[in-house]
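Engineer: Just dropping this structure here.
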Amino acid sequence: RAAAAGRAPVVIGTRSAVFTPIPALGLVVVDEEHDASYKQQEGFRYSGRDLAVARAQRAGCPVVLGSATPSLESLANATAGRYLKLSLPERTGRAGKPRVTVVDLRVNAARDGLSPPALAAIERHLGDGGQVLVFLNRRGYAPTMFCSGCSWIAPCKSCDARLTVHLSRATLACHHCGAEERMPFACPQCGNELVPVGEGTERVETTLTQLFPDSPLVRIDRDVIRRRGDLEEALAAVNDGRARILLGTQMLTKGHDFPDVTLVVVLAADQGLFGADFRASERLAQQIVQVAGRAGRGDRPGEVLIQTAYPEHPLLRCLITAGYEGFAALALEERRATGWPPYSHLALLRADSPSRAEVFDFLRAAETAAKPSREARLRILGPASAAMARRAGRHRAQLLVESPARSALQDFLVQWVAEITALRIPRTLRWSLDVDPAEVD
């Protein structure tokens, strides 16, 4: 109401703030424009960033898309002259860019996720009075519970997923549907001892606390940052020097300024190298660059260690030798060659139901109802199961529509939605149409 009445000259908010009524809109700023959280994934699907651009265009005012790791779509728009690219080449602080080193896990065996070179670097930087940031985008104690006797792995009963070990509360939890169960003392199939396999932030915290007992540690992830004020309290401990080691997930990559952090260690950097989604490598590159940017922001030089079992991977090599700009140029060439966005336009028809047959019957009927013109040059791919075919007890599948021209895709979708709506759809089935989907897997 204050904004609509003109009493609030500045409005700050998350993605839904793009709908705020502002009578005399003069400027729109989208910070960290590459962030996937700008896309609403449930209910009414929209991109806060793209709506911000459209709204500024209609209001006739400038829109600033800010990011140290711009999305490939925005970079392609800048190359094509639709956007004006403005660069900020000078880094904050006087230390300059951090030195980046890759640690080969094939020759440096890790203990609880931490290799000997990483531990030596942590000890060195702590001894020099610096702070250390350890990044692992996996919460919990371990990704799975495993039986060495019969190879049983703790499954989620409602999803095609494994249960994550949370040792502090003695539970196994599904990070997809939220289901929890008590941690078993022995294998339910053969009775043998169970072993937690892999590392999460909880396990790494235990190891670091044991190895560096005189260096207070703060952990930041969704398991410990639950209530209002928890994040502010944790960040205050880092900023006033009480915490010497900072450990966390992607919550740490969101533009925080830690002037005393001189070392960043990236654990499990391989997670995004072989993802099913075509944007997986882009997200990994953005994540690594963003978290690496936390090192050496003050007066002292920074160091970044990236642990990987694939040091020769083109993405990592390109990131280290040519930076994010070099990676983006290579990735855009790959997208152009394969016909993926931003050189094509996508729409994803998703469906889910307790019955797998219902899902595929609906998608096949929707495919039959699709009548694209020859001029549109549309491709309809599927139906195919989602990467996680069952989630929260519901089977999931999708149809992908691809077009080289956005106008042709939009004309087709208007007709197709009318045809889909006219179909006989079971009450238990849910469907959605997502234009420019943030994830295709």
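Lettering and numbering for the structure tokens are positional, with chains as A, B, ... in the shown order, residues counted from 1 in each chain, and ligands counted from 1 in the shown order.
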As a VMD selection string, please: all residues of range 229-341 of chain A that backbone DSSP puts in strand (DSSP E or B).
Structural biologist: chain A and resid 245 to 248 261 to 266 303 to 308
Engineer: Since we have the selection now, will you write its residues out, keeping all heavy atoms, as a tab-separated table (two decimals), in the first residue's frame?
Structural biologist:
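Output contents, as saved in again_6.tsv:
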```tsv
chain	number	residue	atom	x	y	z
A	245	ILE	N	36.71	-20.86	11.51
A	245	ILE	CA	36.39	-21.74	10.38
A	245	ILE	C	34.91	-21.58	10.08
A	245	ILE	O	34.06	-21.65	10.97
A	245	ILE	CB	36.71	-23.21	10.70
A	245	ILE	CG1	38.19	-23.38	11.04
A	245	ILE	CG2	36.36	-24.10	9.50
A	245	ILE	CD1	38.56	-24.79	11.48
A	246	LEU	N	34.60	-21.38	8.82
A	246	LEU	CA	33.22	-21.23	8.35
A	246	LEU	C	32.92	-22.38	7.40
A	246	LEU	O	33.61	-22.55	6.39
A	246	LEU	CB	33.06	-19.88	7.65
A	246	LEU	CG	31.70	-19.51	7.06
A	246	LEU	CD1	30.62	-19.55	8.13
A	246	LEU	CD2	31.77	-18.12	6.43
A	247	LEU	N	31.93	-23.19	7.72
A	247	LEU	CA	31.58	-24.37	6.93
A	247	LEU	C	30.13	-24.28	6.52
A	247	LEU	O	29.27	-23.95	7.34
A	247	LEU	CB	31.81	-25.64	7.77
A	247	LEU	CG	31.19	-26.95	7.26
A	247	LEU	CD1	31.87	-27.41	5.98
A	247	LEU	CD2	31.28	-28.03	8.35
A	248	GLY	N	29.84	-24.57	5.23
A	248	GLY	CA	28.44	-24.51	4.84
A	248	GLY	C	28.17	-24.89	3.40
A	248	GLY	O	29.07	-25.27	2.64
A	261	VAL	N	38.67	-13.81	5.53
A	261	VAL	CA	38.78	-15.15	4.95
A	261	VAL	C	39.89	-15.14	3.90
A	261	VAL	O	39.82	-14.41	2.91
A	261	VAL	CB	37.45	-15.61	4.32
A	261	VAL	CG1	37.66	-16.87	3.48
A	261	VAL	CG2	36.42	-15.89	5.41
A	262	THR	N	40.91	-15.94	4.14
A	262	THR	CA	42.05	-16.00	3.22
A	262	THR	C	42.12	-17.33	2.47
A	262	THR	O	42.86	-17.46	1.50
A	262	THR	CB	43.37	-15.78	3.97
A	262	THR	OG1	43.47	-16.72	5.04
A	262	THR	CG2	43.43	-14.36	4.53
A	263	LEU	N	41.36	-18.33	2.92
A	263	LEU	CA	41.37	-19.64	2.26
A	263	LEU	C	39.95	-20.14	2.06
A	263	LEU	O	39.14	-20.11	2.99
A	263	LEU	CB	42.15	-20.66	3.09
A	263	LEU	CG	42.10	-22.12	2.61
A	263	LEU	CD1	42.82	-22.27	1.27
A	263	LEU	CD2	42.69	-23.07	3.65
A	264	VAL	N	39.66	-20.60	0.84
A	264	VAL	CA	38.40	-21.27	0.54
A	264	VAL	C	38.73	-22.67	0.04
A	264	VAL	O	39.56	-22.84	-0.86
A	264	VAL	CB	37.59	-20.51	-0.53
A	264	VAL	CG1	36.44	-21.37	-1.05
A	264	VAL	CG2	37.05	-19.20	0.05
A	265	VAL	N	38.09	-23.67	0.64
A	265	VAL	CA	38.26	-25.06	0.21
A	265	VAL	C	36.92	-25.56	-0.32
A	265	VAL	O	35.91	-25.54	0.41
A	265	VAL	CB	38.73	-25.96	1.38
A	265	VAL	CG1	38.92	-27.39	0.89
A	265	VAL	CG2	40.03	-25.42	1.98
A	266	VAL	N	36.90	-25.98	-1.57
A	266	VAL	CA	35.69	-26.49	-2.20
A	266	VAL	C	35.75	-28.01	-2.19
A	266	VAL	O	36.61	-28.62	-2.86
A	266	VAL	CB	35.54	-25.98	-3.65
A	266	VAL	CG1	34.26	-26.53	-4.29
A	266	VAL	CG2	35.52	-24.45	-3.67
A	303	GLU	N	43.53	-17.70	-1.20
A	303	GLU	CA	43.88	-18.97	-1.83
A	303	GLU	C	42.62	-19.82	-1.92
A	303	GLU	O	41.80	-19.83	-1.01
A	303	GLU	CB	44.96	-19.69	-1.02
A	303	GLU	CG	45.42	-21.01	-1.63
A	303	GLU	CD	46.49	-21.70	-0.78
A	303	GLU	OE1	46.83	-21.16	0.30
A	303	GLU	OE2	46.95	-22.78	-1.20
A	304	VAL	N	42.47	-20.53	-3.03
A	304	VAL	CA	41.30	-21.40	-3.24
A	304	VAL	C	41.79	-22.79	-3.61
A	304	VAL	O	42.63	-22.94	-4.52
A	304	VAL	CB	40.38	-20.86	-4.36
A	304	VAL	CG1	39.20	-21.80	-4.57
A	304	VAL	CG2	39.89	-19.46	-4.02
A	305	LEU	N	41.32	-23.81	-2.90
A	305	LEU	CA	41.62	-25.20	-3.23
A	305	LEU	C	40.34	-25.88	-3.69
A	305	LEU	O	39.31	-25.81	-2.99
A	305	LEU	CB	42.18	-25.94	-2.01
A	305	LEU	CG	43.54	-25.49	-1.46
A	305	LEU	CD1	43.95	-26.40	-0.31
A	305	LEU	CD2	44.59	-25.49	-2.54
A	306	ILE	N	40.38	-26.52	-4.84
A	306	ILE	CA	39.21	-27.23	-5.38
A	306	ILE	C	39.54	-28.71	-5.42
A	306	ILE	O	40.41	-29.15	-6.18
A	306	ILE	CB	38.85	-26.72	-6.79
A	306	ILE	CG1	38.54	-25.23	-6.76
A	306	ILE	CG2	37.67	-27.50	-7.35
A	306	ILE	CD1	38.31	-24.62	-8.14
A	307	GLN	N	38.86	-29.50	-4.60
A	307	GLN	CA	39.09	-30.95	-4.56
A	307	GLN	C	38.25	-31.63	-5.64
A	307	GLN	O	37.04	-31.40	-5.73
A	307	GLN	CB	38.73	-31.51	-3.19
A	307	GLN	CG	39.63	-31.07	-2.08
A	307	GLN	CD	39.42	-31.85	-0.80
A	307	GLN	OE1	40.21	-31.78	0.11
A	307	GLN	NE2	38.32	-32.60	-0.71
A	308	THR	N	38.88	-32.50	-6.43
A	308	THR	CA	38.16	-33.19	-7.49
A	308	THR	C	38.87	-34.48	-7.87
A	308	THR	O	40.10	-34.58	-7.75
A	308	THR	CB	38.02	-32.31	-8.75
A	308	THR	OG1	37.42	-33.06	-9.81
A	308	THR	CG2	39.39	-31.82	-9.23
```
Engineer: DSSP on the backbone, helix (DSSP H, G or I) only: what residues of range 197-294 of chain A does that give? Format it as a PyMOL selection string.
Structural biologist: chain A and resi 201-211+230-239+250-253+269-272+280-292
Engineer: At what distance in Å, to one decimal, does CA of Asp104 in chain A lie from CA of Glu312 in chain A?
Structural biologist: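 Between CA of Glu312 in chain A and CA of Asp104 in chain A the gap is 9.4 Å.
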Engineer: For Leu273 in chain A, list every protein, DNA or RNA residue within 8 Å, evaluated using only C-alpha atoms, and leave out those in the same chain fewer than 5 positions away; present the list as a list in words.
Structural biologist: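 Listing them by chain and then by number gives Ala280, Ser281, Leu284 and Leu315 of chain A.
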Engineer: Using only C-alpha atoms, which residue out of A:Ala56, A:Met183, A:Leu433, A:Ala309 lies closest to Ala170 in chain A?
Structural biologist: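 Answer, going by the shortest atom-to-atom distance: A:Met183.
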Engineer: Gly66 in chain A: which residues within 9 Å, counting only C-alpha atoms, same-chain residues fewer than 4 positions away excluded, as a PyMOL selection string?
Structural biologist: chain A and resi 29-34+70
Engineer: Can you write out the residues you just picked, keeping N, CA, C and O atoms, as a PDB file, in the first residue's frame?
Structural biologist:
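And here is the file that came out, again-v2.pdb:
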```pdb
ATOM      1  N   VAL A  29      16.403  -3.159 -10.253  1.00  0.00           N
ATOM      2  CA  VAL A  29      17.693  -3.815 -10.073  1.00  0.00           C
ATOM      3  C   VAL A  29      17.453  -5.266  -9.665  1.00  0.00           C
ATOM      4  O   VAL A  29      16.727  -5.526  -8.706  1.00  0.00           O
ATOM      5  N   VAL A  30      18.049  -6.193 -10.399  1.00  0.00           N
ATOM      6  CA  VAL A  30      17.973  -7.618 -10.068  1.00  0.00           C
ATOM      7  C   VAL A  30      19.369  -8.063  -9.647  1.00  0.00           C
ATOM      8  O   VAL A  30      20.270  -8.170 -10.486  1.00  0.00           O
ATOM      9  N   ASP A  31      19.551  -8.293  -8.352  1.00  0.00           N
ATOM     10  CA  ASP A  31      20.860  -8.681  -7.844  1.00  0.00           C
ATOM     11  C   ASP A  31      21.035 -10.190  -7.977  1.00  0.00           C
ATOM     12  O   ASP A  31      20.085 -10.952  -7.780  1.00  0.00           O
ATOM     13  N   GLU A  32      22.261 -10.625  -8.284  1.00  0.00           N
ATOM     14  CA  GLU A  32      22.545 -12.049  -8.520  1.00  0.00           C
ATOM     15  C   GLU A  32      21.546 -12.628  -9.534  1.00  0.00           C
ATOM     16  O   GLU A  32      20.867 -13.612  -9.273  1.00  0.00           O
ATOM     17  N   GLU A  33      21.477 -11.995 -10.694  1.00  0.00           N
ATOM     18  CA  GLU A  33      20.434 -12.326 -11.674  1.00  0.00           C
ATOM     19  C   GLU A  33      20.515 -13.760 -12.168  1.00  0.00           C
ATOM     20  O   GLU A  33      19.539 -14.298 -12.695  1.00  0.00           O
ATOM     21  N   HIS A  34      21.663 -14.418 -11.988  1.00  0.00           N
ATOM     22  CA  HIS A  34      21.835 -15.790 -12.465  1.00  0.00           C
ATOM     23  C   HIS A  34      21.151 -16.807 -11.560  1.00  0.00           C
ATOM     24  O   HIS A  34      20.983 -17.972 -11.953  1.00  0.00           O
ATOM     25  N   PRO A  70      27.184 -14.026 -14.664  1.00  0.00           N
ATOM     26  CA  PRO A  70      25.902 -13.868 -15.349  1.00  0.00           C
ATOM     27  C   PRO A  70      25.429 -15.167 -16.006  1.00  0.00           C
ATOM     28  O   PRO A  70      26.244 -16.010 -16.409  1.00  0.00           O
TER      29      PRO A  70
END
```
Engineer: Which residues come within 12 Å of Ile225 in chain A, counting only C-alpha atoms, excluding same-chain residues fewer than 6 positions away, as a VMD selection string?
Structural biologist: chain A and resid 139 218 to 219 231 to 235 248 to 249 251 to 252
Engineer: Using only C-alpha atoms, find the one residue out of A:Leu423, A:Ala68, A:Ala369, A:Val401 that sits nearest to Val291 in chain A.
Structural biologist: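 Closest to Val291 in chain A, using only C-alpha atoms: A:Ala68.
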Engineer: Taking 6 positions as the minimum chain separation for residues in the same chain, which residues sit within 10 Å of Ser385 in chain A when counting only C-alpha atoms? Answer as a PDB file with C-alpha atoms, in the first residue's frame.
Structural biologist:
```pdb
ATOM      1  CA  ARG A 350       4.853 -32.032 -16.479  1.00  0.00           C
ATOM      2  CA  ALA A 351       2.370 -34.475 -14.971  1.00  0.00           C
ATOM      3  CA  ASP A 352       2.269 -36.464 -11.745  1.00  0.00           C
ATOM      4  CA  ARG A 356       2.131 -44.274 -13.463  1.00  0.00           C
ATOM      5  CA  VAL A 359       0.590 -40.049 -16.135  1.00  0.00           C
ATOM      6  CA  PHE A 360       1.689 -41.618 -19.401  1.00  0.00           C
ATOM      7  CA  HIS A 395       4.897 -40.835 -10.412  1.00  0.00           C
ATOM      8  CA  ARG A 396       6.321 -38.024 -12.552  1.00  0.00           C
ATOM      9  CA  ALA A 397       6.887 -37.689 -16.289  1.00  0.00           C
ATOM     10  CA  GLN A 398       7.081 -34.932 -18.896  1.00  0.00           C
ATOM     11  CA  LEU A 399       6.898 -33.798 -22.514  1.00  0.00           C
ATOM     12  CA  ASP A 441      15.859 -33.528 -16.137  1.00  0.00           C
TER      13      ASP A 441
END
```
Engineer: For the atom pair CA of Pro341 in chain A and CA of Arg138 in chain A, what is the interatomic distance in Å to one decimal place?
Structural biologist: 28.0 Å
Engineer: To one decimal in Å, tell me the separation between CA of Pro314 in chain A and CA of Phe327 in chain A.
Structural biologist: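 Taking CA of Pro314 in chain A and CA of Phe327 in chain A, their separation equals 9.1 Å.
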Engineer: Have a look at A:Ala322, A:Ala179, A:Val18, A:Val417 and name the one nearest to Arg391 in chain A; count only C-alpha atoms.
Structural biologist: A:Ala179
